[in-house]
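Taking it in order: structure first as structure tokens, then the write-up.
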Amino acid sequence: MSLGYDIFRKLDDGNPLWIADVVSLSEAKEQIKLLVSQSAAAYFVRDASTGEVVFSTQPLS
């Protein structure tokens, strides 16, 4: 059973800011497209089941 995905924005200080939870990775990517169009920033998606980052708009260094 999947717990879904969490969308985060990477703040300037490197800390994550939780934005939303969604059911699917495709939904997460669509949400990020909208977010980037409103506020250019680094965003990433975390698989809530595994804790793994599965998508990001910029490298997470």
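Residue numbering restarts at 1 for every chain of the structure tokens, chains are lettered A, B, ... in their displayed order, and ligands are numbered from 1 as they appear.
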
Give me the residues within 8 Å of Ser2 of chain A as an mmCIF file with C-alpha atoms, in the first residue's frame, counting only C-alpha atoms and dropping any in the same chain fewer than 2 places off.
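Result file out-v3.cif:
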data_model
loop_
_atom_site.group_PDB
_atom_site.id
_atom_site.type_symbol
_atom_site.label_atom_id
_atom_site.label_comp_id
_atom_site.auth_asym_id
_atom_site.auth_seq_id
_atom_site.Cartn_x
_atom_site.Cartn_y
_atom_site.Cartn_z
ATOM 1 C CA GLY A 4 1.530 8.723 -1.611
ATOM 2 C CA ALA A 48 6.098 8.827 1.698
ATOM 3 C CA SER A 49 6.426 5.020 1.859
#

Worksheet item: Which residues in chain A does DSSP call alpha helix (DSSP H)? List them as a PyMOL selection string.
Response: chain A and resi 25-38

Rows by chain and residue number, segment 6-29 of chain A within 7 Å of segment 40-44 of chain A, shortest pair, only C-alpha atoms, as a Markdown table:
| residue | atom | partner | partner_atom | distance |
| --- | --- | --- | --- | --- |
| A:Ile7 | CA | A:Phe44 | CA | 5.9 |
| A:Phe8 | CA | A:Phe44 | CA | 5.4 |
| A:Arg9 | CA | A:Tyr43 | CA | 4.3 |
| A:Lys10 | CA | A:Ala42 | CA | 5.4 |

Worksheet entry | Pairwise distance for atom CA of Leu35 of chain A and atom CA of Ile19 of chain A, rounded to one decimal in Å |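 So the answer is 9.7 Å.
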
Worksheet item: Can you tell me how far atom CA of Gly14 of chain A sits from atom CA of Gln31 of chain A, in Å to one decimal?
Response: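 For atom CA of Gly14 of chain A relative to atom CA of Gln31 of chain A, the distance reads 21.0 Å.
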
So that I can check the secondary structure, give me every residue of segment 5-61 of chain A assigned strand (DSSP E or B) by backbone DSSP, as an mmCIF file with C-alpha atoms, in the first residue's frame.
data_model
loop_
_atom_site.group_PDB
_atom_site.id
_atom_site.type_symbol
_atom_site.label_atom_id
_atom_site.label_comp_id
_atom_site.auth_asym_id
_atom_site.auth_seq_id
_atom_site.Cartn_x
_atom_site.Cartn_y
_atom_site.Cartn_z
ATOM 1 C CA TYR A 5 4.022 11.503 -2.204
ATOM 2 C CA ASP A 6 5.004 14.689 -0.410
ATOM 3 C CA ILE A 7 5.943 17.872 -2.244
ATOM 4 C CA PHE A 8 8.567 20.127 -0.667
ATOM 5 C CA ARG A 9 10.183 23.439 -1.537
ATOM 6 C CA LYS A 10 13.877 23.753 -0.763
ATOM 7 C CA PRO A 16 12.659 21.727 3.252
ATOM 8 C CA LEU A 17 9.232 23.349 3.447
ATOM 9 C CA TRP A 18 6.360 20.883 3.106
ATOM 10 C CA ILE A 19 3.832 22.029 0.483
ATOM 11 C CA ALA A 20 1.327 19.202 -0.029
ATOM 12 C CA ASP A 21 0.693 15.487 -0.196
ATOM 13 C CA VAL A 22 -0.650 13.831 -3.321
ATOM 14 C CA ALA A 42 13.777 24.278 -6.102
ATOM 15 C CA TYR A 43 11.084 21.691 -5.409
ATOM 16 C CA PHE A 44 11.289 17.974 -4.750
ATOM 17 C CA VAL A 45 8.993 15.009 -4.288
ATOM 18 C CA ARG A 46 9.469 12.388 -1.586
ATOM 19 C CA ASP A 47 7.897 8.942 -1.664
ATOM 20 C CA VAL A 53 13.403 11.615 -3.155
ATOM 21 C CA VAL A 54 11.945 10.499 -6.482
ATOM 22 C CA PHE A 55 11.832 13.787 -8.397
ATOM 23 C CA SER A 56 13.403 17.232 -8.125
#

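Here atom CA of Ala28 of chain A and atom CA of Gln58 of chain A stand 15.1 Å from one another.
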